[in-house]
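Worksheet: the structure to be examined is printed underneath.
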Amino acid sequence: MFDPYEADVRAEYAFVPDEPFRAGRLRILKSFAERETIYSTEAGQKRSDEQARANLARSMAQLSM
């Protein structure tokens, strides 16, 4: 679910060259990853926080290549 979303984000910003896109996207994803919790509800945290962090880490690693 996250990977197609990331592809959609890139497609939406296709007008932005690769380097500025990567830098901006990394900044945004890092801001999410640095949060104490990604989801604001306890249920969301328990259900999805671990997977969300894995998705963020994977996406940031790909953007850093």
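Residue numbering restarts at 1 in every chain; chains get A, B, ... in the order shown in the structure tokens, and ligands count up from 1 in that same order.
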Exercise for review: Give me every alpha helix (DSSP H) residue in chain A, going by DSSP on the backbone, as a PyMOL selection string.
Suggested key: chain A and resi 2-12+18-33+42-63
Exercise for review: Please provide as a list in words all residues within 12 Å of Glu19 of chain A, with the sequence filter that same-chain residues fewer than 6 positions apart are discarded (counting only C-alpha atoms).
Suggested key: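 Within the cut-off, the hits are Arg25, Leu26, Leu63, Ser64 and Met65 of chain A.
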Keeping all heavy atoms for every residue in the selection just given, could you write it to a file as a compact mmCIF listing (two decimals), in the first residue's frame?
# COMPACT_ATOMS: atom_id res chain seq x y z
N ARG A 25 11.67 15.28 -0.41
CA ARG A 25 10.93 14.10 0.09
C ARG A 25 11.62 13.52 1.31
O ARG A 25 10.96 13.11 2.27
CB ARG A 25 10.79 13.06 -1.04
CG ARG A 25 9.85 11.94 -0.71
CD ARG A 25 8.42 12.41 -0.66
NE ARG A 25 7.54 11.31 -0.31
CZ ARG A 25 6.44 11.43 0.39
NH1 ARG A 25 6.03 12.62 0.78
NH2 ARG A 25 5.71 10.40 0.68
N LEU A 26 12.95 13.46 1.28
CA LEU A 26 13.69 12.98 2.44
C LEU A 26 13.41 13.84 3.67
O LEU A 26 13.23 13.32 4.77
CB LEU A 26 15.19 12.96 2.16
CG LEU A 26 15.73 11.73 1.47
CD1 LEU A 26 17.16 11.96 1.01
CD2 LEU A 26 15.67 10.53 2.40
N LEU A 63 15.61 6.78 -1.44
CA LEU A 63 15.84 8.15 -1.86
C LEU A 63 17.28 8.58 -1.64
O LEU A 63 17.77 9.50 -2.32
CB LEU A 63 14.90 9.10 -1.10
CG LEU A 63 13.44 9.02 -1.49
CD1 LEU A 63 12.58 9.72 -0.45
CD2 LEU A 63 13.20 9.63 -2.87
N SER A 64 17.99 7.93 -0.73
CA SER A 64 19.37 8.29 -0.41
C SER A 64 20.38 7.65 -1.35
O SER A 64 21.56 7.96 -1.29
CB SER A 64 19.69 7.88 1.04
OG SER A 64 18.88 8.59 1.94
N MET A 65 19.94 6.77 -2.20
CA MET A 65 20.85 6.06 -3.12
C MET A 65 21.39 6.99 -4.18
O MET A 65 20.83 7.84 -4.68
CB MET A 65 20.16 4.87 -3.75
CG MET A 65 19.75 3.85 -2.74
SD MET A 65 18.80 2.52 -3.51
CE MET A 65 19.94 1.20 -3.29
Review point. Residues at most 12 Å from Tyr39 of chain A, counting only C-alpha atoms, excluding those fewer than 2 positions away in the same chain, as an NGL selection string?
Key: :A and (32-33 or 35-37 or 41-53)
Expected file contents, prior selection, all heavy atoms, as a compact mmCIF listing (two decimals), in the first residue's frame:
# COMPACT_ATOMS: atom_id res chain seq x y z
N PHE A 32 8.52 12.80 9.70
CA PHE A 32 7.60 11.79 10.22
C PHE A 32 8.35 10.77 11.08
O PHE A 32 7.90 10.39 12.16
CB PHE A 32 6.86 11.06 9.10
CG PHE A 32 5.73 11.85 8.51
CD1 PHE A 32 5.83 12.36 7.22
CD2 PHE A 32 4.57 12.07 9.21
CE1 PHE A 32 4.79 13.09 6.67
CE2 PHE A 32 3.52 12.79 8.67
CZ PHE A 32 3.64 13.30 7.39
N ALA A 33 9.49 10.31 10.58
CA ALA A 33 10.26 9.28 11.29
C ALA A 33 10.76 9.77 12.64
O ALA A 33 10.92 8.97 13.57
CB ALA A 33 11.43 8.82 10.42
N ARG A 35 9.19 11.68 14.72
CA ARG A 35 8.11 11.84 15.69
C ARG A 35 8.16 10.72 16.71
O ARG A 35 8.54 9.60 16.39
CB ARG A 35 6.75 11.80 15.00
CG ARG A 35 6.48 12.97 14.11
CD ARG A 35 5.13 12.81 13.47
NE ARG A 35 4.83 13.93 12.59
CZ ARG A 35 3.70 14.07 11.92
NH1 ARG A 35 2.74 13.14 12.02
NH2 ARG A 35 3.50 15.10 11.14
N GLU A 36 7.76 11.05 17.92
CA GLU A 36 7.69 10.01 18.96
C GLU A 36 6.70 8.93 18.54
O GLU A 36 6.95 7.74 18.72
CB GLU A 36 7.27 10.63 20.29
CG GLU A 36 7.32 9.66 21.44
CD GLU A 36 7.01 10.32 22.76
OE1 GLU A 36 7.34 11.51 22.93
OE2 GLU A 36 6.41 9.64 23.61
N THR A 37 5.56 9.35 18.01
CA THR A 37 4.58 8.42 17.46
C THR A 37 4.13 8.97 16.11
O THR A 37 4.03 10.18 15.92
CB THR A 37 3.34 8.27 18.36
OG1 THR A 37 2.73 9.54 18.54
CG2 THR A 37 3.71 7.69 19.71
N THR A 41 -3.59 8.31 17.46
CA THR A 41 -4.44 7.51 18.34
C THR A 41 -3.67 6.28 18.84
O THR A 41 -2.79 5.76 18.16
CB THR A 41 -5.72 7.02 17.64
OG1 THR A 41 -5.36 6.12 16.59
CG2 THR A 41 -6.51 8.20 17.07
N GLU A 42 -4.04 5.83 20.00
CA GLU A 42 -3.40 4.64 20.56
C GLU A 42 -3.64 3.42 19.68
O GLU A 42 -2.75 2.60 19.46
CB GLU A 42 -3.92 4.39 21.98
CG GLU A 42 -3.18 3.30 22.70
CD GLU A 42 -3.62 3.15 24.14
OE1 GLU A 42 -4.07 4.14 24.74
OE2 GLU A 42 -3.52 2.02 24.66
N ALA A 43 -4.85 3.32 19.15
CA ALA A 43 -5.17 2.18 18.27
C ALA A 43 -4.29 2.21 17.02
O ALA A 43 -3.78 1.18 16.59
CB ALA A 43 -6.64 2.21 17.88
N GLY A 44 -4.13 3.38 16.43
CA GLY A 44 -3.28 3.51 15.24
C GLY A 44 -1.84 3.18 15.56
O GLY A 44 -1.15 2.52 14.78
N GLN A 45 -1.38 3.63 16.71
CA GLN A 45 -0.01 3.35 17.12
C GLN A 45 0.22 1.85 17.27
O GLN A 45 1.20 1.31 16.75
CB GLN A 45 0.29 4.05 18.45
CG GLN A 45 0.34 5.55 18.32
CD GLN A 45 0.28 6.25 19.66
OE1 GLN A 45 0.50 5.64 20.71
NE2 GLN A 45 -0.02 7.54 19.65
N LYS A 46 -0.69 1.18 17.95
CA LYS A 46 -0.54 -0.25 18.17
C LYS A 46 -0.65 -1.04 16.87
O LYS A 46 0.06 -2.02 16.66
CB LYS A 46 -1.60 -0.75 19.16
CG LYS A 46 -1.33 -0.31 20.58
CD LYS A 46 -2.41 -0.83 21.52
CE LYS A 46 -2.12 -0.38 22.93
NZ LYS A 46 -3.16 -0.84 23.87
N ARG A 47 -1.56 -0.62 16.01
CA ARG A 47 -1.84 -1.36 14.79
C ARG A 47 -0.80 -1.10 13.70
O ARG A 47 -0.42 -2.02 12.98
CB ARG A 47 -3.23 -1.01 14.29
CG ARG A 47 -3.67 -1.77 13.04
CD ARG A 47 -5.05 -1.35 12.55
NE ARG A 47 -5.08 0.07 12.21
CZ ARG A 47 -5.82 1.00 12.82
NH1 ARG A 47 -6.61 0.67 13.83
NH2 ARG A 47 -5.79 2.25 12.44
N SER A 48 -0.32 0.14 13.57
CA SER A 48 0.40 0.49 12.35
C SER A 48 1.74 1.17 12.52
O SER A 48 2.46 1.34 11.53
CB SER A 48 -0.49 1.39 11.49
OG SER A 48 -1.72 0.76 11.19
N ASP A 49 2.11 1.59 13.72
CA ASP A 49 3.33 2.37 13.89
C ASP A 49 4.58 1.62 13.42
O ASP A 49 5.41 2.19 12.71
CB ASP A 49 3.49 2.82 15.34
CG ASP A 49 4.47 3.97 15.48
OD1 ASP A 49 4.10 5.10 15.13
OD2 ASP A 49 5.62 3.72 15.92
N GLU A 50 4.70 0.37 13.79
CA GLU A 50 5.88 -0.41 13.42
C GLU A 50 6.01 -0.51 11.90
O GLU A 50 7.09 -0.31 11.34
CB GLU A 50 5.82 -1.80 14.05
CG GLU A 50 7.06 -2.62 13.83
CD GLU A 50 7.00 -3.96 14.53
OE1 GLU A 50 6.31 -4.09 15.56
OE2 GLU A 50 7.66 -4.89 14.04
N GLN A 51 4.92 -0.83 11.22
CA GLN A 51 4.95 -0.94 9.76
C GLN A 51 5.23 0.41 9.11
O GLN A 51 5.99 0.51 8.15
CB GLN A 51 3.64 -1.51 9.22
CG GLN A 51 3.63 -1.70 7.71
CD GLN A 51 4.68 -2.70 7.25
OE1 GLN A 51 4.72 -3.82 7.73
NE2 GLN A 51 5.54 -2.29 6.34
N ALA A 52 4.65 1.46 9.66
CA ALA A 52 4.88 2.81 9.12
C ALA A 52 6.36 3.17 9.22
O ALA A 52 6.93 3.73 8.27
CB ALA A 52 4.02 3.83 9.84
N ARG A 53 6.98 2.87 10.32
CA ARG A 53 8.41 3.17 10.49
C ARG A 53 9.26 2.37 9.51
O ARG A 53 10.23 2.88 8.95
CB ARG A 53 8.85 2.93 11.92
CG ARG A 53 8.26 3.97 12.84
CD ARG A 53 8.84 3.94 14.24
NE ARG A 53 8.13 4.91 15.05
CZ ARG A 53 8.32 6.22 15.03
NH1 ARG A 53 9.22 6.73 14.22
NH2 ARG A 53 7.63 7.02 15.80
**Study point:** Between atom CA of Pro17 of chain A and atom CA of Ile38 of chain A, distance in Å (one decimal)
**Key:**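 Separation of atom CA of Pro17 of chain A and atom CA of Ile38 of chain A: 28.4 Å.
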**Study point:** atom CA of Ser40 of chain A to atom CA of Phe21 of chain A, distance in Å rounded to a single decimal
**Key:** 27.3 Å
Check your understanding: Leaving out Ala61 of chain A and any residue of its chain fewer than 6 positions from it, which residues lie within 12 Å of it when counting only C-alpha atoms, given as a ChimeraX atom specification?
Key -> /A:22,25-26,29-30,54-55
Generate the output file for the selected residues, all heavy atoms, as a PDB file, in the first residue's frame.
ATOM      1  N   ARG A  22      14.209  14.435  -4.353  1.00  0.00           N
ATOM      2  CA  ARG A  22      14.755  13.536  -3.329  1.00  0.00           C
ATOM      3  C   ARG A  22      15.038  14.291  -2.030  1.00  0.00           C
ATOM      4  O   ARG A  22      14.695  13.823  -0.950  1.00  0.00           O
ATOM      5  CB  ARG A  22      16.023  12.843  -3.827  1.00  0.00           C
ATOM      6  CG  ARG A  22      15.728  11.635  -4.678  1.00  0.00           C
ATOM      7  CD  ARG A  22      16.955  10.746  -4.812  1.00  0.00           C
ATOM      8  NE  ARG A  22      18.000  11.345  -5.612  1.00  0.00           N
ATOM      9  CZ  ARG A  22      18.114  11.219  -6.931  1.00  0.00           C
ATOM     10  NH1 ARG A  22      17.224  10.513  -7.589  1.00  0.00           N
ATOM     11  NH2 ARG A  22      19.091  11.776  -7.576  1.00  0.00           N
ATOM     12  N   ARG A  25      11.673  15.278  -0.406  1.00  0.00           N
ATOM     13  CA  ARG A  25      10.928  14.105   0.086  1.00  0.00           C
ATOM     14  C   ARG A  25      11.619  13.516   1.308  1.00  0.00           C
ATOM     15  O   ARG A  25      10.962  13.115   2.272  1.00  0.00           O
ATOM     16  CB  ARG A  25      10.789  13.064  -1.035  1.00  0.00           C
ATOM     17  CG  ARG A  25       9.850  11.940  -0.706  1.00  0.00           C
ATOM     18  CD  ARG A  25       8.421  12.412  -0.665  1.00  0.00           C
ATOM     19  NE  ARG A  25       7.541  11.311  -0.313  1.00  0.00           N
ATOM     20  CZ  ARG A  25       6.439  11.432   0.391  1.00  0.00           C
ATOM     21  NH1 ARG A  25       6.031  12.620   0.777  1.00  0.00           N
ATOM     22  NH2 ARG A  25       5.714  10.396   0.683  1.00  0.00           N
ATOM     23  N   LEU A  26      12.951  13.456   1.278  1.00  0.00           N
ATOM     24  CA  LEU A  26      13.686  12.977   2.445  1.00  0.00           C
ATOM     25  C   LEU A  26      13.412  13.836   3.674  1.00  0.00           C
ATOM     26  O   LEU A  26      13.225  13.317   4.773  1.00  0.00           O
ATOM     27  CB  LEU A  26      15.192  12.965   2.160  1.00  0.00           C
ATOM     28  CG  LEU A  26      15.733  11.727   1.474  1.00  0.00           C
ATOM     29  CD1 LEU A  26      17.163  11.957   1.009  1.00  0.00           C
ATOM     30  CD2 LEU A  26      15.670  10.526   2.396  1.00  0.00           C
ATOM     31  N   LEU A  29       9.855  12.894   4.908  1.00  0.00           N
ATOM     32  CA  LEU A  29       9.796  11.568   5.525  1.00  0.00           C
ATOM     33  C   LEU A  29      10.558  11.541   6.845  1.00  0.00           C
ATOM     34  O   LEU A  29      10.119  10.910   7.813  1.00  0.00           O
ATOM     35  CB  LEU A  29      10.345  10.513   4.559  1.00  0.00           C
ATOM     36  CG  LEU A  29       9.533  10.312   3.278  1.00  0.00           C
ATOM     37  CD1 LEU A  29      10.224   9.301   2.374  1.00  0.00           C
ATOM     38  CD2 LEU A  29       8.112   9.911   3.566  1.00  0.00           C
ATOM     39  N   LYS A  30      11.700  12.233   6.886  1.00  0.00           N
ATOM     40  CA  LYS A  30      12.482  12.289   8.126  1.00  0.00           C
ATOM     41  C   LYS A  30      11.672  12.951   9.241  1.00  0.00           C
ATOM     42  O   LYS A  30      11.736  12.519  10.387  1.00  0.00           O
ATOM     43  CB  LYS A  30      13.782  13.041   7.892  1.00  0.00           C
ATOM     44  CG  LYS A  30      14.698  13.030   9.066  1.00  0.00           C
ATOM     45  CD  LYS A  30      16.011  13.732   8.749  1.00  0.00           C
ATOM     46  CE  LYS A  30      16.902  13.730   9.987  1.00  0.00           C
ATOM     47  NZ  LYS A  30      18.120  14.477   9.790  1.00  0.00           N
ATOM     48  N   ALA A  54       8.893   1.127   9.283  1.00  0.00           N
ATOM     49  CA  ALA A  54       9.615   0.313   8.302  1.00  0.00           C
ATOM     50  C   ALA A  54       9.444   0.896   6.901  1.00  0.00           C
ATOM     51  O   ALA A  54      10.403   0.954   6.117  1.00  0.00           O
ATOM     52  CB  ALA A  54       9.123  -1.131   8.348  1.00  0.00           C
ATOM     53  N   ASN A  55       8.241   1.320   6.570  1.00  0.00           N
ATOM     54  CA  ASN A  55       7.991   1.935   5.262  1.00  0.00           C
ATOM     55  C   ASN A  55       8.807   3.213   5.090  1.00  0.00           C
ATOM     56  O   ASN A  55       9.411   3.441   4.036  1.00  0.00           O
ATOM     57  CB  ASN A  55       6.505   2.266   5.093  1.00  0.00           C
ATOM     58  CG  ASN A  55       5.642   1.041   4.944  1.00  0.00           C
ATOM     59  OD1 ASN A  55       6.111  -0.037   4.599  1.00  0.00           O
ATOM     60  ND2 ASN A  55       4.369   1.190   5.233  1.00  0.00           N
TER      61      ASN A  55
END
